$ cat input05.tsv   # TSV, C-alpha atoms
chain	number	residue	atom	x	y	z
A	1	MET	CA	181.38	50.81	-54.82
A	2	ASN	CA	182.75	47.35	-53.99
A	3	LEU	CA	179.60	46.59	-52.00
A	4	THR	CA	177.44	47.52	-55.03
A	5	ILE	CA	179.44	45.21	-57.34
A	6	LEU	CA	179.28	42.38	-54.80
A	7	ALA	CA	175.51	42.81	-54.41
A	8	SER	CA	174.96	42.75	-58.18
A	9	LEU	CA	177.11	39.62	-58.52
A	10	VAL	CA	175.11	37.86	-55.81
A	11	ALA	CA	171.85	38.91	-57.44
A	12	SER	CA	172.94	37.69	-60.87
A	13	ALA	CA	174.16	34.39	-59.43
A	14	ALA	CA	170.79	33.91	-57.74
A	15	ALA	CA	169.16	34.04	-61.17
A	16	PHE	CA	170.90	30.76	-62.03
A	17	ALA	CA	170.05	28.98	-58.80
A	18	PRO	CA	167.51	26.19	-59.12
A	19	SER	CA	164.05	27.19	-58.11
A	20	GLN	CA	161.64	24.98	-56.24
A	21	VAL	CA	158.83	23.82	-58.47
A	22	ALA	CA	155.75	22.45	-56.86
A	23	GLN	CA	154.92	18.90	-57.90
A	24	THR	CA	151.45	18.89	-59.34
A	25	SER	CA	149.44	15.88	-60.29
A	26	THR	CA	147.96	16.06	-63.77
A	27	THR	CA	146.48	13.63	-66.20
A	28	LEU	CA	149.80	13.71	-68.05
A	29	ASN	CA	151.44	11.96	-65.11
A	30	ALA	CA	149.06	9.06	-65.73
A	31	PHE	CA	150.74	8.44	-69.11
A	32	GLU	CA	154.38	8.74	-67.94
A	33	GLY	CA	154.70	4.95	-67.74
A	34	GLU	CA	153.33	4.24	-71.21
A	35	ILE	CA	155.43	2.75	-74.00
A	36	GLY	CA	157.16	5.50	-75.93
A	37	ALA	CA	157.75	7.77	-72.93
A	38	GLN	CA	161.52	7.37	-73.05
A	39	ALA	CA	164.65	9.31	-72.27
A	40	PRO	CA	165.63	12.01	-72.95
A	41	LEU	CA	162.18	13.57	-73.44
A	42	GLY	CA	160.04	11.29	-71.32
A	43	PHE	CA	156.37	11.84	-72.00
A	44	PHE	CA	156.24	14.46	-74.75
A	45	ASP	CA	152.97	16.22	-75.58
A	46	PRO	CA	153.90	19.72	-76.78
A	47	LEU	CA	150.48	20.40	-78.33
A	48	GLY	CA	148.59	19.42	-75.20
A	49	LEU	CA	146.50	16.81	-76.99
A	50	LEU	CA	146.25	14.80	-73.78
A	51	ASP	CA	145.40	17.61	-71.40
A	52	ASP	CA	142.49	16.29	-69.33
A	53	ALA	CA	142.44	13.09	-71.41
A	54	ASP	CA	141.41	9.66	-70.19
A	55	GLN	CA	142.91	6.27	-71.08
A	56	GLU	CA	140.46	5.80	-73.96
A	57	ARG	CA	141.60	9.05	-75.60
A	58	PHE	CA	145.26	8.09	-75.09
A	59	ASP	CA	144.67	4.66	-76.64
A	60	ARG	CA	142.95	6.25	-79.66
A	61	LEU	CA	145.86	8.62	-80.24
A	62	ARG	CA	148.37	5.80	-79.76
A	63	TYR	CA	146.46	3.70	-82.33
A	64	VAL	CA	146.63	6.57	-84.81
A	65	GLU	CA	150.34	7.10	-84.10
A	66	ILE	CA	151.11	3.42	-84.71
A	67	LYS	CA	149.03	3.35	-87.90
A	68	HIS	CA	150.70	6.47	-89.28
A	69	GLY	CA	154.09	5.08	-88.29
A	70	ARG	CA	153.42	1.87	-90.21
A	71	ILE	CA	152.26	3.82	-93.27
A	72	ALA	CA	155.32	6.09	-93.05
A	73	GLN	CA	157.63	3.06	-92.88
A	74	LEU	CA	156.09	1.72	-96.09
A	75	ALA	CA	156.22	5.16	-97.74
A	76	PHE	CA	159.86	5.75	-96.80
A	77	LEU	CA	160.96	2.32	-97.94
A	78	GLY	CA	158.94	2.61	-101.16
A	79	ASN	CA	160.47	6.00	-101.88
A	80	ILE	CA	164.03	4.74	-101.37
A	81	ILE	CA	163.48	1.52	-103.31
A	82	THR	CA	161.89	3.14	-106.36
A	83	ARG	CA	164.55	5.86	-106.45
A	84	ALA	CA	167.12	3.05	-106.50
A	85	GLY	CA	165.49	1.80	-109.71
A	86	VAL	CA	163.62	-1.20	-108.33
A	87	HIS	CA	160.08	-1.36	-109.74
A	88	LEU	CA	157.33	-3.95	-110.07
A	89	PRO	CA	157.44	-5.93	-113.30
A	90	GLY	CA	154.72	-5.62	-115.87
A	91	ASN	CA	152.22	-2.93	-116.71
A	92	ILE	CA	150.24	-0.61	-114.47
A	93	ASP	CA	147.34	-0.31	-116.92
A	94	GLN	CA	145.79	-1.93	-120.00
A	95	ALA	CA	147.43	0.67	-122.28
A	96	GLY	CA	150.84	-0.86	-121.61
A	97	THR	CA	152.32	1.74	-119.25
A	98	THR	CA	155.08	-0.07	-117.37
A	99	PHE	CA	155.70	0.43	-113.68
A	100	ASP	CA	159.27	1.56	-114.33
A	101	SER	CA	158.05	4.34	-116.63
A	102	ILE	CA	156.22	6.00	-113.70
A	103	PRO	CA	158.43	8.76	-112.23
A	104	ASP	CA	159.40	8.92	-108.57
A	105	GLY	CA	157.86	11.09	-105.86
A	106	TYR	CA	155.11	13.61	-106.43
A	107	ALA	CA	155.38	13.27	-110.20
A	108	ALA	CA	154.00	9.72	-109.94
A	109	ILE	CA	150.61	11.07	-108.87
A	110	GLN	CA	150.18	12.91	-112.15
A	111	ALA	CA	151.55	10.03	-114.21
A	112	ILE	CA	148.90	7.58	-112.94
A	113	SER	CA	145.49	7.84	-114.56
A	114	GLY	CA	142.44	9.02	-112.64
A	115	ALA	CA	141.01	5.50	-112.70
A	116	GLY	CA	144.25	4.16	-111.22
A	117	LEU	CA	144.22	6.71	-108.41
A	118	THR	CA	140.57	5.87	-107.75
A	119	GLN	CA	141.49	2.20	-107.42
A	120	ILE	CA	144.28	3.04	-104.99
A	121	ILE	CA	141.96	5.18	-102.85
A	122	LEU	CA	139.25	2.49	-102.85
A	123	PHE	CA	141.78	-0.20	-101.89
A	124	VAL	CA	143.15	1.90	-99.03
A	125	GLY	CA	139.57	2.60	-97.89
A	126	PHE	CA	138.80	-1.12	-97.95
A	127	LEU	CA	141.90	-1.86	-95.86
A	128	GLU	CA	141.03	0.91	-93.42
A	129	LEU	CA	137.40	-0.10	-92.96
A	130	GLY	CA	137.57	-3.87	-93.26
A	131	VAL	CA	141.03	-5.28	-92.65
A	132	MET	CA	143.36	-3.09	-90.61
A	133	LYS	CA	141.40	-3.09	-87.39
A	134	ASP	CA	140.61	-5.32	-84.46
A	135	VAL	CA	137.77	-7.33	-85.96
A	136	THR	CA	137.58	-10.09	-83.33
A	137	GLY	CA	138.05	-7.93	-80.23
A	138	GLU	CA	141.11	-9.97	-79.18
A	139	ALA	CA	143.63	-7.10	-79.43
A	140	GLU	CA	146.14	-6.94	-76.59
A	141	PHE	CA	147.06	-3.31	-77.31
A	142	PRO	CA	146.22	-0.46	-79.72
A	143	GLY	CA	147.41	-1.44	-83.19
A	144	ASP	CA	147.17	-5.21	-82.62
A	145	PHE	CA	145.53	-6.43	-85.83
A	146	ARG	CA	146.32	-10.15	-85.57
A	147	ASN	CA	142.62	-10.98	-85.18
A	148	GLY	CA	143.42	-14.50	-84.03
A	149	ALA	CA	144.87	-15.42	-87.43
A	150	LEU	CA	148.41	-14.04	-87.57
A	151	ASP	CA	150.96	-14.73	-84.88
A	152	PHE	CA	154.54	-15.01	-86.20
A	153	GLY	CA	155.59	-16.20	-82.73
A	154	TRP	CA	154.23	-13.22	-80.78
A	155	ASP	CA	152.62	-15.44	-78.15
A	156	THR	CA	155.97	-17.16	-77.46
A	157	PHE	CA	157.56	-13.92	-76.17
A	158	ASP	CA	157.55	-12.97	-72.50
A	159	GLU	CA	155.94	-9.68	-71.45
A	160	GLU	CA	159.24	-7.79	-71.26
A	161	THR	CA	160.15	-8.79	-74.82
A	162	LYS	CA	156.69	-7.83	-76.07
A	163	LEU	CA	157.00	-4.37	-74.49
A	164	ALA	CA	160.47	-3.93	-75.97
A	165	LYS	CA	159.28	-4.90	-79.46
A	166	ARG	CA	156.29	-2.58	-79.23
A	167	GLY	CA	158.63	0.24	-78.19
A	168	VAL	CA	160.92	-0.49	-81.13
A	169	GLU	CA	157.97	-0.40	-83.56
A	170	LEU	CA	156.77	2.88	-82.08
A	171	ASN	CA	160.21	4.49	-82.37
A	172	GLN	CA	160.79	3.19	-85.89
A	173	GLY	CA	157.39	4.58	-86.90
A	174	ARG	CA	158.28	7.95	-85.42
A	175	ALA	CA	161.60	7.95	-87.27
A	176	ALA	CA	159.88	6.95	-90.52
A	177	MET	CA	157.35	9.78	-90.16
A	178	MET	CA	160.23	12.24	-89.89
A	179	GLY	CA	162.10	10.46	-92.69
A	180	ILE	CA	159.30	10.57	-95.25
A	181	LEU	CA	158.55	14.17	-94.31
A	182	GLY	CA	162.21	14.99	-94.92
A	183	LEU	CA	162.19	13.22	-98.29
A	184	MET	CA	159.03	15.06	-99.33
A	185	VAL	CA	160.51	18.43	-98.36
A	186	HIS	CA	163.83	17.73	-100.07
A	187	GLU	CA	162.06	16.60	-103.21
A	188	GLN	CA	160.41	20.02	-103.40
A	189	LEU	CA	163.72	21.76	-102.70
A	190	GLY	CA	165.60	19.68	-105.29
A	191	GLY	CA	169.24	18.67	-105.19
A	192	VAL	CA	171.02	15.44	-104.33
A	193	LEU	CA	170.84	13.47	-101.09
A	194	PRO	CA	173.27	10.76	-100.00
A	195	VAL	CA	171.89	7.24	-100.57
A	196	VAL	CA	168.70	8.66	-102.14
A	197	GLY	CA	170.37	10.46	-105.03
A	198	GLU	CA	168.83	13.04	-107.31
A	199	MET	CA	165.62	14.56	-105.98

$ encode --input "input05.tsv" --output "structure tokens"
Amino acid sequence: MNLTILASLVASAAAFAPSQVAQTSTTLNAFEGEIGAQAPLGFFDPLGLLDDADQERFDRLRYVEIKHGRIAQLAFLGNIITRAGVHLPGNIDQAGTTFDSIPDGYAAIQAISGAGLTQIILFVGFLELGVMKDVTGEAEFPGDFRNGALDFGWDTFDEETKLAKRGVELNQGRAAMMGILGLMVHEQLGGVLPVVGEM
């Protein structure tokens, strides 16, 4: 009886022993050193979007991630600012509708006229197709839209500082994407959030 208990204890303890995992080389290992692959997750691709991907595919997805991060930062900040009562001065249309009369969140979409929404969509399309891209071919990295005109001191930084700043932008964009998603969900759920207030 004692031998049976001892054997079962040894067998159950063996279940928690570390197993040897063979090191395999995949295309994912090629992206382990990229900006954004940071502790504690390292390189994180749960959907397998980069399985068998090359550098061009990675750069395209990184460009999209940076662009969406920048949009999410603007969306999050705009949501917080307008909920705090800060609005543009003046009117949004010729009929005299003031900016501060437009409600916050999803309700704003229905408060703006169809012509106004069309203008917004056309403006965003213009930015997407004509402005927010590497026009001159001088980009140092995906998402670099300086086009030889804007600098703000970027060229004065050393390479380590540039990498750190790019990593910060990437992480802030990721946080903003989660933040605006959270605000959108909570708006649909209703209630009150700290700092944001009534949803």

$ residues_around --input "input05.tsv" --residues "Val64 (chain A)" --least-positions-apart "4" --cutoff "9 Å" --atoms "all atoms listed in the file" --output "count of residues only"
6

$ atom_distance --input "input05.tsv" --atom1 "CA of Ile109 (chain A)" --atom2 "CA of Val185 (chain A)"
16.2 Å

$ closest_residue --input "input05.tsv" --among "A:Ile102, A:Leu193, A:Ala37, A:Ala72" --to "Val86 (chain A)" --atoms "all atoms listed in the file"
A:Ile102

$ closest_residue --input "input05.tsv" --among "A:Ala39, A:Ile71, A:Ile112, A:Ala30" --to "Asn91 (chain A)" --atoms "only C-alpha atoms"
A:Ile112

$ closest_residue --input "input05.tsv" --among "A:Phe43, A:Arg62, A:Gln55, A:Phe31" --to "Leu170 (chain A)" --atoms "all atoms listed in the file"
A:Arg62

$ axis_aligned_box --input "input05.tsv" --around "region 140-147 of chain A" --padding-each-side "8 Å" --output "JSON"
{"center_x": 145.0, "center_y": -5.7, "center_z": -81.2, "size_x": 20.8, "size_y": 26.5, "size_z": 25.2}

$ closest_residue --input "input05.tsv" --among "A:Gly114, A:Gly197, A:Gly173, A:Pro103" --to "Ile80 (chain A)" --atoms "all atoms listed in the file"
A:Gly197

$ atom_distance --input "input05.tsv" --atom1 "CA of Val195 (chain A)" --atom2 "CA of Gly36 (chain A)"
28.8 Å

$ residues_around --input "input05.tsv" --residues "region 152-163 of chain A" --least-positions-apart "4" --cutoff "10 Å" --atoms "all atoms listed in the file" --output "list in words"
Glu34, Ile35, Gly36, Arg146, Gly167, Val168 and Glu169 of chain A

$ atom_distance --input "input05.tsv" --atom1 "CA of Ala139 (chain A)" --atom2 "CA of Phe44 (chain A)"
25.4 Å
